[in-house]
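Taking it in order: structure first as structure tokens, then the write-up.
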There are 2 protein chains.
Amino acid sequence: MSGDAGDTDETADTDRTESDRPLRTDLRPIVEAVRATDADAFVAVGDRSDDGLRYLTRFGGPDRPYALVVVPNGDAAAERAGRAVLCAPALFREQAEREFVAAASDPLADQTGNDPNSDTDTDFHDGVVREVRSEAVGDHAGERAAAVVDELTGRRTDDETDAGGPTVLTPASIPHDAAVYLERAGIELTSTDAVATARARKTPAELDRMRRVQRAAVAGMARAETVLAESEVAEGDVVDGSGDARRPPLRWEGDSLTTERLRREVNRALAARGVRDAGNTVIGAGPSAADLHYVGDDPIRPGEAVLLDVSPRGPDGYYGDVTRTFVVDGDGGWERRAYIAVEAAREAALEEVEPGVPAKTVHGEAAAELAAYGFDPNAGEGETGFTHGTGHGVGVSLHESPSLSGAGELRPGHVVTVEPGVYDPAVGGVRLEDTVVVTEEGYEILAEYPFGIVPQARE
Amino acid sequence: MSGDAGDTDETADTDRTESDRPLRTDLRPIVEAVRATDADAFVAVGDRSDDGLRYLTRFGGPDRPYALVVVPNGDAAAERAGRAVLCAPALFREQAEREFVAAASDPLADQTGNDPNSDTDTDFHDGVVREVRSEAVGDHAGERAAAVVDELTGRRTDDETDAGGPTVLTPASIPHDAAVYLERAGIELTSTDAVATARARKTPAELDRMRRVQRAAVAGMARAETVLAESEVAEGDVVDGSGDARRPPLRWEGDSLTTERLRREVNRALAARGVRDAGNTVIGAGPSAADLHYVGDDPIRPGEAVLLDVSPRGPDGYYGDVTRTFVVDGDGGWERRAYIAVEAAREAALEEVEPGVPAKTVHGEAAAELAAYGFDPNAGEGETGFTHGTGHGVGVSLHESPSLSGAGELRPGHVVTVEPGVYDPAVGGVRLEDTVVVTEEGYEILAEYPFGIVPQARE
């Protein structure tokens, strides 16, 4: 749609004009968590960098704190489950009305409840009445939330015989100043992980966003792989000198190819598809491929592993995550052995992905497979072998529940990365990563991308 | 450097290979804040979205919490001012060593102290010894910080006669769970704004980063202005029908031009220069130009204002911020009158920018000028007139101290936007924004960009 010759048909996948019904969140799990703990309300305070608050409100928000208060209806059998009040920051009332209130009542809004197995939209209403308050915008968000809690729970706490003030559930990492405002208002705080739990299982509407951003991510990978395939090995291969001599960097479009040049190509491809690179385009080459978070500028040399980990942020803030590793003009040494082992570990891990399986089993299988190929499956950071977990949940945060090294079982709607890798700090690293959703039958890869250590032109 | 024909010479400005000595932060203001309040230490806890922590450590960090502890030397006259310990998250020790410790001791590191007037690098050492701890990485960052505070301040609190535990300064918005861990360890918390204050005045090395990202921002603007200049007015101008009829959208490269298409062009230009659009490329057209935070998809029509606000994030996390407004084939109506008023307000505001001037004066002058042109300088959100403040500080956050509507005086090294604007929700909006640094003599615009309501080809 951007009209650029470099675009492919996949561009349409991320267009806002497609699947662009506003997203809204089923707040019943929050209402139920409040009821289950005999609390009076739920309060979250944060700014636009607070992914939990973004999930709950679908409000893009400013970089100043704002607050959400959710209060269940006192009568659990009532038609309306409760009320949700967003205390809007200054100058953001209009946007908050649009994203938090209007989106939820839009007849074209996604009407799908938290049932990841439903592939048709049902007539879903969470029964939580949403409103935006824009009074007292100069006050701290915690102070405004306390006033709303007082107002909405006042009658009920008066009716009851307990002498204490209201109790509210909050995420554990609520800003301390907000917590102090609430406590000073006589409100007792109890932390809850209800938001993290609700976020872990994705709805069809969320999966639609995640497929779109993941398609953009693999388009970015295709750009990188194509650049590598087009690159030329420079003349006069091995530099004379010490045993540490490395080959001269690849040439691409008349200049040396570096990780920074390649990153810019990937990030331009992401921008053309309307998603943000989010500072997450990690590219390492040779030894820096063993650094899990390398974003520096290294020459890319033939015969050395080039590891690309692309994790853009797309529609409604959902992340994608894909990793591939390539070697241009390799000699079939360490990198090829590592690649074969990692491919086998990936298959062994995916084999386990289905509902009811303990998440740890997936990591265990990948680790066992790597061990069978002679790689240390419990290597520490900076050591040689498998130095990290096999995968993590992905959603409106790049890392969220469930972890494939953590407790608990996989459930339908969980979205996780599967990303075994092996590293040798002196040589490089190989990692292969896809993002998959757990389905009733097993799993679905959100966007397929080919494998192969030798880069091919993909555009 | 990306080899694309669309690149200009300015690309080199954002290359990592230039001005790429690592950045480090003078921690003496933190040490002094601890001493001045008779506290024992400073503690910050946060993840990569915590800009204050990023400023203090220059550590890119993960999306999981980590902690920084700064403890002054008990003897203020000692050669070493104190110690700073970064409790690294799992798998990030290597990166933390590189960015927090090695960068600060690198002989090529920027050796410039917090003196924005110095334009030569002096032999600066803040005397704070930095180290990374990677033990107990499974524990909460607040718990790890508490252990480090205990260890580093233990002797001193034993030596003194007060029976209480140590007192630590923290930013007010430290995560509540971290605060609870500290308090449970017998540590008393007092909030401090020392970090915000230290951040407000930029060093020459920080200004170098800010000029680079601002040059990328104006390159993005040049891309947008060029696309608008290349666009064609469609045949059969005015649509028949009601009085609300609007002209058909502009055509560009064979398709209708929309805010989303234009945004992708801007964001690709930013990516090509190695900076992130950070989700901040706000483009409105017609009525949506009156929405301060519009990121939706609207057709761009001749005769209506197109407002572009570009705020990318560049080297070391520093932001740029620039706004221009254009009208293609306008009729000289509301938009032109608004443009003239806003240009005058901008000049009146800049006239005031120099050290010692109360920040509010700058806003006052812009507002008075807009009032003189007949625009309401105190309009509320959704009303017609000047609905926001004249400017805000910019740095490692897009909005930071000082505000041009807040208390305090401008000081050398303050970086602020100057961005008057007027809006009519039924018609559109006009805003013009530059980012300037306050100098000894007045101000310097970080990257100049031309004015003019009629778009010109700039590439």
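As shown in the structure tokens, the chain order sets the letters A, B, ...; within each chain, residues go from 1, and ligands are also counted from 1 in the order they appear.
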When you get a sec, could you note down which chain A residues fall within 6 Å of chain B, using only C-alpha atoms, as a PyMOL selection string? chain A and resi 2+91+172-177+261+264+267-268+271-272+274+381
Using backbone DSSP assignments, extract all alpha helix (DSSP H) residues from region 265-337 of chain A; output them as an MDAnalysis selection string. chainID A and resid 265:272 334:337
Keeping only N, CA, C and O atoms, write those residues as a compact mmCIF listing (two decimals), in the first residue's frame.
# COMPACT_ATOMS: atom_id res chain seq x y z
N GLU A 265 18.05 -2.28 7.08
CA GLU A 265 17.23 -2.88 6.02
C GLU A 265 16.02 -3.60 6.60
O GLU A 265 14.90 -3.47 6.10
N VAL A 266 16.25 -4.36 7.67
CA VAL A 266 15.12 -5.05 8.33
C VAL A 266 14.11 -4.03 8.84
O VAL A 266 12.90 -4.15 8.61
N ASN A 267 14.59 -3.00 9.51
CA ASN A 267 13.68 -2.04 10.14
C ASN A 267 12.91 -1.22 9.11
O ASN A 267 11.75 -0.84 9.36
N ARG A 268 13.53 -0.96 7.96
CA ARG A 268 12.78 -0.28 6.90
C ARG A 268 11.65 -1.18 6.39
O ARG A 268 10.55 -0.71 6.11
N ALA A 269 11.94 -2.48 6.26
CA ALA A 269 10.90 -3.41 5.80
C ALA A 269 9.75 -3.46 6.81
O ALA A 269 8.58 -3.52 6.44
N LEU A 270 10.09 -3.43 8.09
CA LEU A 270 9.05 -3.43 9.13
C LEU A 270 8.22 -2.15 9.04
O LEU A 270 6.98 -2.18 9.09
N ALA A 271 8.90 -0.99 8.92
CA ALA A 271 8.19 0.29 8.86
C ALA A 271 7.26 0.34 7.65
O ALA A 271 6.15 0.86 7.72
N ALA A 272 7.70 -0.24 6.53
CA ALA A 272 6.87 -0.24 5.31
C ALA A 272 5.59 -1.04 5.54
O ALA A 272 4.59 -0.81 4.89
N TRP A 334 31.63 -25.70 12.89
CA TRP A 334 30.84 -25.58 14.12
C TRP A 334 29.41 -25.15 13.84
O TRP A 334 28.46 -25.72 14.37
N GLU A 335 29.25 -24.13 12.99
CA GLU A 335 27.92 -23.58 12.74
C GLU A 335 26.98 -24.62 12.16
O GLU A 335 25.80 -24.68 12.52
N ARG A 336 27.47 -25.46 11.25
CA ARG A 336 26.59 -26.45 10.63
C ARG A 336 26.20 -27.53 11.64
O ARG A 336 25.04 -27.94 11.70
N ARG A 337 27.14 -27.94 12.45
CA ARG A 337 26.80 -28.94 13.48
C ARG A 337 25.79 -28.35 14.45
O ARG A 337 24.82 -29.00 14.85
As a list of chain:residue names, list the residues of region 220-343 of chain A assigned to strand (DSSP E) by DSSP on the backbone atoms of this structure. A:Arg251, A:Trp252, A:Asp255, A:Ser256, A:Val282, A:Ile283, A:Gly284, A:Ala285, A:Ala305, A:Val306, A:Leu307, A:Leu308, A:Asp309, A:Val310, A:Val322, A:Thr323, A:Arg324, A:Thr325, A:Phe326, A:Val327
I'd like the interatomic distance between CA of Ala84 (chain A) and CA of Thr190 (chain A), to a tenth of an Å. 18.6 Å
Which residue out of A:Val310, A:Ala33, A:Val85, A:Val137 has the minimum interatomic distance to Met221 (chain A) when only C-alpha atoms are used? A:Val310
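Residues with any atom within 12 Å of Ala194 (chain A), counting only C-alpha atoms and excluding same-chain neighbours fewer than 6 positions away, are Leu27, Arg28, Pro29, Ile30, Val31, Glu32, Ala33, Val34, Arg35, Ala36, Thr37, Phe42, Val43, Ala44, Gly52, Leu56, Leu169, Thr170, Pro171, Ala172, Ala200, Arg201 and Ser401 of chain A.
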Output file for the selection above: C-alpha atoms, as a compact mmCIF listing (two decimals), in the first residue's frame:
# COMPACT_ATOMS: atom_id res chain seq x y z
CA LEU A 27 -12.95 -7.62 32.05
CA ARG A 28 -14.87 -10.47 33.70
CA PRO A 29 -11.69 -12.25 34.89
CA ILE A 30 -10.82 -9.07 36.78
CA VAL A 31 -14.33 -8.77 38.23
CA GLU A 32 -14.16 -12.44 39.24
CA ALA A 33 -10.74 -12.03 40.88
CA VAL A 34 -12.13 -9.19 43.00
CA ARG A 35 -15.15 -11.27 43.99
CA ALA A 36 -13.07 -14.38 44.66
CA THR A 37 -10.88 -12.54 47.16
CA PHE A 42 -9.28 -3.54 41.25
CA VAL A 43 -6.94 -0.62 40.62
CA ALA A 44 -4.12 -0.31 38.08
CA GLY A 52 -1.02 -4.73 31.57
CA LEU A 56 -7.07 -3.90 30.14
CA LEU A 169 -6.46 -5.72 44.21
CA THR A 170 -3.54 -4.23 42.31
CA PRO A 171 -0.74 -5.59 40.14
CA ALA A 172 2.32 -6.07 42.38
CA ALA A 200 -1.78 -15.43 28.71
CA ARG A 201 -4.70 -16.92 26.73
CA SER A 401 3.23 -15.82 30.65
Neighbours of Glu143 (chain B) within 9 Å (only C-alpha atoms; same-chain residues fewer than 6 positions away dropped), as a PDB file with all heavy atoms, in the first residue's frame?
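New file part.pdb:
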ATOM      1  N   ALA B 178       8.871  -3.628  44.857  1.00  0.00           N
ATOM      2  CA  ALA B 178      10.269  -3.370  45.206  1.00  0.00           C
ATOM      3  C   ALA B 178      10.350  -2.574  46.505  1.00  0.00           C
ATOM      4  O   ALA B 178      11.177  -2.866  47.387  1.00  0.00           O
ATOM      5  CB  ALA B 178      10.971  -2.612  44.080  1.00  0.00           C
ATOM      6  N   TYR B 181       9.747  -4.868  49.429  1.00  0.00           N
ATOM      7  CA  TYR B 181      10.935  -5.675  49.745  1.00  0.00           C
ATOM      8  C   TYR B 181      11.943  -4.855  50.554  1.00  0.00           C
ATOM      9  O   TYR B 181      12.530  -5.349  51.522  1.00  0.00           O
ATOM     10  CB  TYR B 181      11.606  -6.186  48.464  1.00  0.00           C
ATOM     11  CG  TYR B 181      11.036  -7.480  47.956  1.00  0.00           C
ATOM     12  CD1 TYR B 181      10.361  -7.530  46.745  1.00  0.00           C
ATOM     13  CD2 TYR B 181      11.185  -8.670  48.671  1.00  0.00           C
ATOM     14  CE1 TYR B 181       9.830  -8.724  46.259  1.00  0.00           C
ATOM     15  CE2 TYR B 181      10.659  -9.863  48.201  1.00  0.00           C
ATOM     16  CZ  TYR B 181       9.984  -9.882  46.987  1.00  0.00           C
ATOM     17  OH  TYR B 181       9.471 -11.064  46.514  1.00  0.00           O
ATOM     18  N   LEU B 182      12.153  -3.628  50.148  1.00  0.00           N
ATOM     19  CA  LEU B 182      13.112  -2.781  50.862  1.00  0.00           C
ATOM     20  C   LEU B 182      12.622  -2.509  52.282  1.00  0.00           C
ATOM     21  O   LEU B 182      13.384  -2.615  53.249  1.00  0.00           O
ATOM     22  CB  LEU B 182      13.325  -1.465  50.090  1.00  0.00           C
ATOM     23  CG  LEU B 182      14.078  -1.598  48.757  1.00  0.00           C
ATOM     24  CD1 LEU B 182      13.871  -0.358  47.879  1.00  0.00           C
ATOM     25  CD2 LEU B 182      15.569  -1.826  48.997  1.00  0.00           C
ATOM     26  N   ALA B 185      12.988  -5.258  54.667  1.00  0.00           N
ATOM     27  CA  ALA B 185      14.379  -5.454  55.082  1.00  0.00           C
ATOM     28  C   ALA B 185      14.801  -4.384  56.086  1.00  0.00           C
ATOM     29  O   ALA B 185      15.989  -4.258  56.407  1.00  0.00           O
ATOM     30  CB  ALA B 185      15.290  -5.425  53.854  1.00  0.00           C
TER      31      ALA B 185
END
Do a neighbour search on Val101 (chain B) at 9 Å with only C-alpha atoms, toss out local chain neighbours closer than 5 positions, and write the hits as a short mmCIF file (atom, residue, chain, number, x, y, z; two decimals) with C-alpha atoms, in the first residue's frame.
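Ended up saving to selection19.cif:
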data_model
loop_
_atom_site.label_atom_id
_atom_site.label_comp_id
_atom_site.auth_asym_id
_atom_site.auth_seq_id
_atom_site.Cartn_x
_atom_site.Cartn_y
_atom_site.Cartn_z
CA THR B 57 23.06 3.30 34.06
CA ALA B 96 25.50 -4.70 31.84
CA ASP B 106 36.73 3.32 28.64
CA VAL B 129 33.16 2.98 41.24
CA ARG B 130 30.75 0.87 39.20
CA GLU B 131 30.17 -2.86 39.41
CA VAL B 132 27.68 -5.45 38.22
#
Spatial neighbours of region 428-443 of chain B, 7 Å, only C-alpha atoms, chain gap at least 2 places, as an MDAnalysis selection string: chainID B and resid 285:290 305 307 321:325 335 338:339 342 353:355 411:426 445:446
Give me the residues near Arg251 (chain B) as a list in words, where near means some atom within 10 Å (using only C-alpha atoms) and where sequence neighbours in that chain fewer than 4 positions away do not count. Leu228, Glu230, Ser231, Glu232, Val233, Ala234, Asp255, Ser256, Leu257, Thr258, Pro299, Ile300, Arg301 and Pro302 of chain B
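Take the candidates B:Arg199, B:Asp298, B:Gly74, B:Gly82 and check each one against Leu53 (chain B) using only C-alpha atoms; the shortest distance goes to B:Arg199.
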